[in-house]
$ cat protein-v9.pdb   # PDB, C-alpha atoms
ATOM      1  CA  MET M1468      87.722  89.422 -18.850  1.00  0.00           C
ATOM      2  CA  VAL M1469      85.329  90.395 -16.077  1.00  0.00           C
ATOM      3  CA  VAL M1470      81.838  88.968 -15.675  1.00  0.00           C
ATOM      4  CA  SER M1471      79.452  91.777 -14.848  1.00  0.00           C
ATOM      5  CA  SER M1472      75.675  92.047 -15.002  1.00  0.00           C
ATOM      6  CA  GLY M1473      72.855  94.211 -16.249  1.00  0.00           C
ATOM      7  CA  ALA M1474      72.335  95.070 -12.575  1.00  0.00           C
ATOM      8  CA  HIS M1475      74.937  97.799 -13.085  1.00  0.00           C
ATOM      9  CA  LEU M1476      72.437  99.867 -15.091  1.00  0.00           C
ATOM     10  CA  GLY M1477      70.716 101.363 -12.069  1.00  0.00           C
ATOM     11  CA  ALA M1478      73.656 101.572  -9.685  1.00  0.00           C
ATOM     12  CA  PRO M1479      76.633 103.807 -10.390  1.00  0.00           C
ATOM     13  CA  PHE M1480      79.623 103.430  -8.082  1.00  0.00           C
ATOM     14  CA  ASP M1481      79.088 105.699  -5.071  1.00  0.00           C
ATOM     15  CA  PHE M1482      82.478 107.222  -4.316  1.00  0.00           C
ATOM     16  CA  GLU M1483      81.084 109.143  -1.333  1.00  0.00           C
ATOM     17  CA  ASP M1484      79.740 106.039   0.412  1.00  0.00           C
ATOM     18  CA  PRO M1485      81.047 102.879  -1.274  1.00  0.00           C
ATOM     19  CA  HIS M1486      80.558 100.722   1.840  1.00  0.00           C
ATOM     20  CA  PHE M1487      77.015 101.896   2.691  1.00  0.00           C
ATOM     21  CA  ALA M1488      78.216 103.485   5.924  1.00  0.00           C
ATOM     22  CA  ARG M1489      75.903 106.512   5.592  1.00  0.00           C
ATOM     23  CA  ARG M1490      72.982 104.989   3.704  1.00  0.00           C
ATOM     24  CA  PRO M1491      70.854 101.952   4.354  1.00  0.00           C
ATOM     25  CA  TYR M1492      72.413  98.779   3.046  1.00  0.00           C
ATOM     26  CA  ASP M1493      70.549  97.229   0.155  1.00  0.00           C
ATOM     27  CA  PRO M1494      72.023  93.975  -1.184  1.00  0.00           C
ATOM     28  CA  TRP M1495      70.780  94.579  -4.736  1.00  0.00           C
ATOM     29  CA  ALA M1496      72.112  98.138  -4.789  1.00  0.00           C
ATOM     30  CA  ALA M1497      75.445  96.818  -3.505  1.00  0.00           C
ATOM     31  CA  TYR M1498      75.458  94.113  -6.171  1.00  0.00           C
ATOM     32  CA  GLY M1499      74.663  96.640  -8.913  1.00  0.00           C
ATOM     33  CA  GLN M1500      77.346  99.018  -7.642  1.00  0.00           C
ATOM     34  CA  SER M1501      79.900  96.196  -7.623  1.00  0.00           C
ATOM     35  CA  LYS M1502      78.995  95.360 -11.219  1.00  0.00           C
ATOM     36  CA  SER M1503      79.478  99.013 -12.228  1.00  0.00           C
ATOM     37  CA  ALA M1504      82.875  98.842 -10.535  1.00  0.00           C
ATOM     38  CA  ASP M1505      83.712  95.702 -12.522  1.00  0.00           C
ATOM     39  CA  ILE M1506      83.111  97.545 -15.780  1.00  0.00           C
ATOM     40  CA  LEU M1507      84.961 100.663 -14.619  1.00  0.00           C
ATOM     41  CA  PHE M1508      88.026  98.569 -13.776  1.00  0.00           C
ATOM     42  CA  THR M1509      88.141  97.292 -17.359  1.00  0.00           C
ATOM     43  CA  VAL M1510      87.836 100.842 -18.684  1.00  0.00           C
ATOM     44  CA  GLY M1511      90.694 101.891 -16.398  1.00  0.00           C
ATOM     45  CA  ALA M1512      92.853  99.044 -17.675  1.00  0.00           C
ATOM     46  CA  ARG M1513      93.349 101.064 -20.870  1.00  0.00           C
ATOM     47  CA  ARG M1514      96.550 102.287 -19.192  1.00  0.00           C
ATOM     48  CA  TRP M1515      98.158  98.973 -20.218  1.00  0.00           C
ATOM     49  CA  ALA M1516      96.805  98.733 -23.760  1.00  0.00           C
ATOM     50  CA  ALA M1517     100.153  99.757 -25.267  1.00  0.00           C
ATOM     51  CA  ASP M1518     101.691  96.739 -23.513  1.00  0.00           C
ATOM     52  CA  GLY M1519      99.150  94.430 -25.139  1.00  0.00           C
ATOM     53  CA  ILE M1520      97.130  93.997 -21.954  1.00  0.00           C
ATOM     54  CA  THR M1521      93.398  94.226 -22.476  1.00  0.00           C
ATOM     55  CA  ALA M1522      90.393  93.850 -20.195  1.00  0.00           C
ATOM     56  CA  ASN M1523      86.734  93.766 -21.097  1.00  0.00           C
ATOM     57  CA  ALA M1524      83.505  93.154 -19.202  1.00  0.00           C
ATOM     58  CA  LEU M1525      80.498  91.120 -20.185  1.00  0.00           C
ATOM     59  CA  ASN M1526      76.984  90.236 -19.215  1.00  0.00           C
ATOM     60  CA  PRO M1527      76.255  86.532 -19.777  1.00  0.00           C
ATOM     61  CA  GLY M1528      72.508  87.172 -19.481  1.00  0.00           C
ATOM     62  CA  TYR M1529      69.829  85.609 -17.319  1.00  0.00           C
ATOM     63  CA  ILE M1530      70.850  82.066 -16.508  1.00  0.00           C
ATOM     64  CA  LEU M1531      69.684  79.653 -13.832  1.00  0.00           C
ATOM     65  CA  THR M1532      72.788  78.095 -12.297  1.00  0.00           C
ATOM     66  CA  ARG M1533      73.795  76.780  -8.897  1.00  0.00           C
ATOM     67  CA  LEU M1534      74.528  80.400  -7.940  1.00  0.00           C
ATOM     68  CA  GLN M1535      70.816  80.852  -7.243  1.00  0.00           C
ATOM     69  CA  ARG M1536      71.052  78.423  -4.329  1.00  0.00           C
ATOM     70  CA  HIS M1537      72.204  81.484  -2.352  1.00  0.00           C
ATOM     71  CA  VAL M1538      69.050  83.457  -3.213  1.00  0.00           C
ATOM     72  CA  ASP M1539      66.087  83.096  -0.868  1.00  0.00           C
ATOM     73  CA  ASP M1540      62.790  81.665  -2.105  1.00  0.00           C
ATOM     74  CA  GLU M1541      60.942  84.983  -1.739  1.00  0.00           C
ATOM     75  CA  THR M1542      63.384  86.663  -4.110  1.00  0.00           C
ATOM     76  CA  MET M1543      63.245  83.757  -6.544  1.00  0.00           C
ATOM     77  CA  ARG M1544      59.452  84.069  -6.577  1.00  0.00           C
ATOM     78  CA  ALA M1545      59.727  87.837  -7.091  1.00  0.00           C
ATOM     79  CA  PHE M1546      61.980  87.168 -10.094  1.00  0.00           C
ATOM     80  CA  GLY M1547      59.276  84.859 -11.435  1.00  0.00           C
ATOM     81  CA  VAL M1548      61.442  81.740 -11.586  1.00  0.00           C
ATOM     82  CA  MET M1549      59.943  79.838  -8.644  1.00  0.00           C
ATOM     83  CA  ASP M1550      56.345  78.799  -8.100  1.00  0.00           C
ATOM     84  CA  ASP M1551      54.558  78.487  -4.751  1.00  0.00           C
ATOM     85  CA  GLN M1552      55.589  74.828  -4.486  1.00  0.00           C
ATOM     86  CA  GLY M1553      59.292  75.687  -4.796  1.00  0.00           C
ATOM     87  CA  ASN M1554      59.715  74.461  -8.365  1.00  0.00           C
ATOM     88  CA  VAL M1555      62.309  76.453 -10.304  1.00  0.00           C
ATOM     89  CA  SER M1556      61.970  77.048 -14.021  1.00  0.00           C
ATOM     90  CA  PRO M1557      63.501  79.690 -16.241  1.00  0.00           C
ATOM     91  CA  LEU M1558      61.472  82.400 -17.913  1.00  0.00           C
ATOM     92  CA  PRO M1559      61.434  82.420 -21.742  1.00  0.00           C
ATOM     93  CA  TYR M1560      64.283  84.952 -22.014  1.00  0.00           C
ATOM     94  CA  TYR M1561      66.625  82.947 -19.763  1.00  0.00           C
ATOM     95  CA  LYS M1562      69.580  81.306 -21.460  1.00  0.00           C
ATOM     96  CA  PRO M1563      71.011  77.871 -20.826  1.00  0.00           C
ATOM     97  CA  PRO M1564      74.460  78.062 -19.184  1.00  0.00           C
ATOM     98  CA  GLU M1565      76.190  77.102 -22.450  1.00  0.00           C
ATOM     99  CA  GLN M1566      74.629  80.027 -24.293  1.00  0.00           C
ATOM    100  CA  GLY M1567      75.572  82.427 -21.505  1.00  0.00           C
ATOM    101  CA  ALA M1568      79.130  81.112 -21.608  1.00  0.00           C
ATOM    102  CA  ALA M1569      79.370  81.993 -25.305  1.00  0.00           C
ATOM    103  CA  THR M1570      79.550  85.704 -24.474  1.00  0.00           C
ATOM    104  CA  SER M1571      82.434  84.927 -22.113  1.00  0.00           C
ATOM    105  CA  VAL M1572      84.343  83.193 -24.883  1.00  0.00           C
ATOM    106  CA  LEU M1573      84.024  86.076 -27.360  1.00  0.00           C
ATOM    107  CA  PRO M1574      86.155  88.695 -25.546  1.00  0.00           C
ATOM    108  CA  ALA M1575      88.469  86.021 -24.151  1.00  0.00           C
ATOM    109  CA  ALA M1576      89.354  84.226 -27.361  1.00  0.00           C
ATOM    110  CA  SER M1577      88.000  85.795 -30.531  1.00  0.00           C
ATOM    111  CA  PRO M1578      90.455  87.473 -32.916  1.00  0.00           C
ATOM    112  CA  LEU M1579      87.609  89.910 -33.655  1.00  0.00           C
ATOM    113  CA  VAL M1580      88.284  91.678 -30.356  1.00  0.00           C
ATOM    114  CA  GLU M1581      92.067  91.368 -30.312  1.00  0.00           C
ATOM    115  CA  GLY M1582      93.493  94.612 -28.918  1.00  0.00           C
ATOM    116  CA  VAL M1583      90.055  95.817 -27.782  1.00  0.00           C
ATOM    117  CA  THR M1584      89.910  96.978 -24.170  1.00  0.00           C
ATOM    118  CA  GLY M1585      87.489  98.649 -21.790  1.00  0.00           C
ATOM    119  CA  ARG M1586      84.350  97.478 -23.574  1.00  0.00           C
ATOM    120  CA  TYR M1587      81.189  95.695 -22.431  1.00  0.00           C
ATOM    121  CA  PHE M1588      79.746  92.726 -24.287  1.00  0.00           C
ATOM    122  CA  GLU M1589      76.367  90.989 -24.208  1.00  0.00           C
ATOM    123  CA  ASP M1590      74.682  88.518 -26.519  1.00  0.00           C
ATOM    124  CA  ASN M1591      77.995  87.885 -28.333  1.00  0.00           C
ATOM    125  CA  GLN M1592      78.503  91.512 -29.350  1.00  0.00           C
ATOM    126  CA  GLU M1593      79.571  94.834 -27.950  1.00  0.00           C
ATOM    127  CA  ALA M1594      76.667  96.417 -26.090  1.00  0.00           C
ATOM    128  CA  ARG M1595      75.166  99.763 -26.981  1.00  0.00           C
ATOM    129  CA  THR M1596      75.621 102.629 -24.507  1.00  0.00           C
ATOM    130  CA  VAL M1597      72.567 103.594 -22.487  1.00  0.00           C
ATOM    131  CA  ARG M1598      72.370 107.137 -21.081  1.00  0.00           C
ATOM    132  CA  ASP M1599      69.086 106.749 -19.185  1.00  0.00           C
ATOM    133  CA  ARG M1600      66.944 103.777 -18.306  1.00  0.00           C
ATOM    134  CA  GLU M1601      65.232 102.925 -21.557  1.00  0.00           C
ATOM    135  CA  ASP M1602      62.325 100.686 -22.429  1.00  0.00           C
ATOM    136  CA  GLN M1603      64.712  98.407 -24.316  1.00  0.00           C
ATOM    137  CA  PRO M1604      66.502  95.759 -22.284  1.00  0.00           C
ATOM    138  CA  GLY M1605      70.259  95.510 -22.167  1.00  0.00           C
ATOM    139  CA  GLY M1606      73.052  97.864 -22.954  1.00  0.00           C
ATOM    140  CA  VAL M1607      75.806  99.343 -20.852  1.00  0.00           C
ATOM    141  CA  ALA M1608      75.277 102.437 -18.728  1.00  0.00           C
ATOM    142  CA  ALA M1609      77.307 105.496 -19.631  1.00  0.00           C
ATOM    143  CA  HIS M1610      78.297 105.836 -15.955  1.00  0.00           C
ATOM    144  CA  ALA M1611      80.088 102.473 -16.198  1.00  0.00           C
ATOM    145  CA  LEU M1612      82.172 103.585 -19.191  1.00  0.00           C
ATOM    146  CA  ALA M1613      83.229 107.024 -17.908  1.00  0.00           C
ATOM    147  CA  PRO M1614      87.039 107.275 -18.101  1.00  0.00           C
ATOM    148  CA  GLU M1615      87.165 109.824 -15.252  1.00  0.00           C
ATOM    149  CA  ALA M1616      85.215 107.511 -12.941  1.00  0.00           C
ATOM    150  CA  ALA M1617      87.413 104.589 -14.017  1.00  0.00           C
ATOM    151  CA  ASP M1618      90.574 106.502 -13.136  1.00  0.00           C
ATOM    152  CA  ARG M1619      89.055 107.577  -9.818  1.00  0.00           C
ATOM    153  CA  LEU M1620      88.159 103.978  -8.973  1.00  0.00           C
ATOM    154  CA  TRP M1621      91.687 102.788  -9.775  1.00  0.00           C
ATOM    155  CA  GLU M1622      93.062 105.517  -7.485  1.00  0.00           C
ATOM    156  CA  TYR M1623      90.596 104.519  -4.781  1.00  0.00           C
ATOM    157  CA  GLY M1624      91.650 100.871  -5.068  1.00  0.00           C
ATOM    158  CA  THR M1625      95.342 101.692  -5.107  1.00  0.00           C
ATOM    159  CA  ASP M1626      95.003 103.957  -2.066  1.00  0.00           C
ATOM    160  CA  ALA M1627      93.148 101.178  -0.222  1.00  0.00           C
ATOM    161  CA  LEU M1628      96.053  98.821  -0.902  1.00  0.00           C
ATOM    162  CA  HIS M1629      98.542 101.292   0.561  1.00  0.00           C
ATOM    163  CA  THR M1630      96.505 101.886   3.714  1.00  0.00           C
ATOM    164  CA  ALA M1631      95.716  98.217   4.411  1.00  0.00           C
TER     165      ALA M1631
END

$ encode --input "protein-v9.pdb" --output "C-alpha cells"
Amino acid sequence: MVVSSGAHLGAPFDFEDPHFARRPYDPWAAYGQSKSADILFTVGARRWAADGITANALNPGYILTRLQRHVDDETMRAFGVMDDQGNVSPLPYYKPPEQGAATSVLPAASPLVEGVTGRYFEDNQEARTVRDREDQPGGVAAHALAPEAADRLWEYGTDALHTA
C-alpha cells in the first residue's frame, strides 16, 4: 500500500526532467509528480500479481496532522487553515486522522480487495478515473494509471539502481 495524494492530478511524472534540472523547481509540482510516481509504481507492480503480490495507492484526504509543522505559515494561510493570528483549524471538508486512516486500512486488510492491484482508493472506495481536470473533486488521473508509463518508471528506477 502506498499513500499518495490528490496532488498527483495536475502533475504527471516528467520523464524528460524528473529532477527539475531544466525547469524551475517548484515544490508543489515536485510533490505532485512524486505522488503520480507513487501510483505508477503500484500499477507497475502488476508484474507480481500471479505470485500473490499486490500493491495499491490511496489518498487519505485532507487531514491536519503534525506533518503540517513543515509547511510555512504563508502556505497554511493560502490553504485557508490558518488565520492571521496563527491559529490552525481545519476546513469543513477536512477529515480527522482516524477517518483518513480508514482508507489506508481498506486496501491493506479488507477481503473485498484481495488480489486487487494497481488501483487507487479514496473515501473507502476505488476512485473514478479523471481524464481532465473536472469541476468535481477527487478521482485518479489517467496519467497515473497508464501501464506504459508505469513500465517506463520501473525501468527508470531499475536503471538508476544499476548506475548508482

$ atom_distance --input "protein-v9.pdb" --atom1 "CA of Ala1594 (chain M)" --atom2 "CA of Ala1608 (chain M)"
9.6 Å

$ resolve_selection --input "protein-v9.pdb" --expression "the PyMOL selection byres ((chain M and resi 1623) around 12)" --output "CSV table (one decimal) with C-alpha atoms, in the coordinates of the input"
chain,number,residue,atom,x,y,z
M,1480,PHE,CA,79.6,103.4,-8.1
M,1481,ASP,CA,79.1,105.7,-5.1
M,1482,PHE,CA,82.5,107.2,-4.3
M,1483,GLU,CA,81.1,109.1,-1.3
M,1485,PRO,CA,81.0,102.9,-1.3
M,1504,ALA,CA,82.9,98.8,-10.5
M,1507,LEU,CA,85.0,100.7,-14.6
M,1508,PHE,CA,88.0,98.6,-13.8
M,1511,GLY,CA,90.7,101.9,-16.4
M,1616,ALA,CA,85.2,107.5,-12.9
M,1617,ALA,CA,87.4,104.6,-14.0
M,1618,ASP,CA,90.6,106.5,-13.1
M,1619,ARG,CA,89.1,107.6,-9.8
M,1620,LEU,CA,88.2,104.0,-9.0
M,1621,TRP,CA,91.7,102.8,-9.8
M,1622,GLU,CA,93.1,105.5,-7.5
M,1624,GLY,CA,91.6,100.9,-5.1
M,1625,THR,CA,95.3,101.7,-5.1
M,1626,ASP,CA,95.0,104.0,-2.1
M,1627,ALA,CA,93.1,101.2,-0.2
M,1628,LEU,CA,96.1,98.8,-0.9
M,1629,HIS,CA,98.5,101.3,0.6
M,1630,THR,CA,96.5,101.9,3.7

$ atom_distance --input "protein-v9.pdb" --atom1 "CA of Val1469 (chain M)" --atom2 "CA of Glu1541 (chain M)"
28.8 Å

$ residues_near_point --input "protein-v9.pdb" --point "(95.8, 92.9, -26.9)" --cutoff "10 Å" --atoms "only C-alpha atoms" --output "PyMOL selection string"
chain M and resi 1515-1522+1578+1580-1584

$ axis_aligned_box --input "protein-v9.pdb" --around "region 1615-1631 of chain M" --padding-each-side "8 Å" --output "JSON"
{"center_x": 91.9, "center_y": 104.0, "center_z": -5.4, "size_x": 29.3, "size_y": 27.6, "size_z": 35.7}

$ atom_distance --input "protein-v9.pdb" --atom1 "CA of Asp1540 (chain M)" --atom2 "CA of Gln1552 (chain M)"
10.2 Å

$ closest_residue --input "protein-v9.pdb" --among "M:Ser1556, M:Thr1542, M:Gln1535, M:Asn1526" --to "Leu1573 (chain M)" --atoms "all atoms listed in the file"
M:Asn1526

$ resolve_selection --input "protein-v9.pdb" --expression "the PyMOL selection byres ((chain M and resi 1563-1570) around 8)" --output "PyMOL selection string"
chain M and resi 1525-1532+1561-1562+1571-1574+1588-1592

$ closest_residue --input "protein-v9.pdb" --among "M:Leu1534, M:Ala1524, M:Pro1494, M:Asp1551" --to "Val1607 (chain M)" --atoms "all atoms listed in the file"
M:Ala1524

$ closest_residue --input "protein-v9.pdb" --among "M:Arg1533, M:Ala1609, M:Val1548, M:Arg1586" --to "Pro1479 (chain M)" --atoms "all atoms listed in the file"
M:Ala1609

$ closest_residue --input "protein-v9.pdb" --among "M:Ala1478, M:Met1468, M:Met1543, M:Ala1488" --to "Leu1558 (chain M)" --atoms "all atoms listed in the file"
M:Met1543

$ resolve_selection --input "protein-v9.pdb" --expression "the PyMOL selection byres ((chain M and resi 1605) around 9)" --output "number ranges by chain"
M: 1473, 1476, 1589, 1594-1595, 1597, 1601, 1603-1604, 1606-1607

$ closest_residue --input "protein-v9.pdb" --among "M:Ser1472, M:Arg1514, M:Ala1575, M:Asn1554" --to "Lys1502 (chain M)" --atoms "all atoms listed in the file"
M:Ser1472

$ decode --input "protein-v9.pdb" --residues "region 1555-1571 of chain M" --atoms "C-alpha atoms" --output "PDB file, in the first residue's frame"
ATOM      1  CA  VAL M1555      -4.881  26.425  12.843  1.00  0.00           C
ATOM      2  CA  SER M1556      -8.296  24.933  12.211  1.00  0.00           C
ATOM      3  CA  PRO M1557      -9.475  22.517   9.560  1.00  0.00           C
ATOM      4  CA  LEU M1558     -11.883  23.485   6.819  1.00  0.00           C
ATOM      5  CA  PRO M1559     -15.258  21.677   6.763  1.00  0.00           C
ATOM      6  CA  TYR M1560     -14.096  19.041   4.251  1.00  0.00           C
ATOM      7  CA  TYR M1561     -11.021  18.076   6.295  1.00  0.00           C
ATOM      8  CA  LYS M1562     -11.108  14.673   7.944  1.00  0.00           C
ATOM      9  CA  PRO M1563      -9.906  13.731  11.396  1.00  0.00           C
ATOM     10  CA  PRO M1564      -6.806  11.496  11.249  1.00  0.00           C
ATOM     11  CA  GLU M1565      -8.849   8.412  12.192  1.00  0.00           C
ATOM     12  CA  GLN M1566     -11.181   8.887   9.237  1.00  0.00           C
ATOM     13  CA  GLY M1567      -8.254   9.394   6.872  1.00  0.00           C
ATOM     14  CA  ALA M1568      -6.649   6.228   8.215  1.00  0.00           C
ATOM     15  CA  ALA M1569      -9.764   4.239   7.300  1.00  0.00           C
ATOM     16  CA  THR M1570      -8.905   4.471   3.599  1.00  0.00           C
ATOM     17  CA  SER M1571      -5.457   3.079   4.422  1.00  0.00           C
TER      18      SER M1571
END
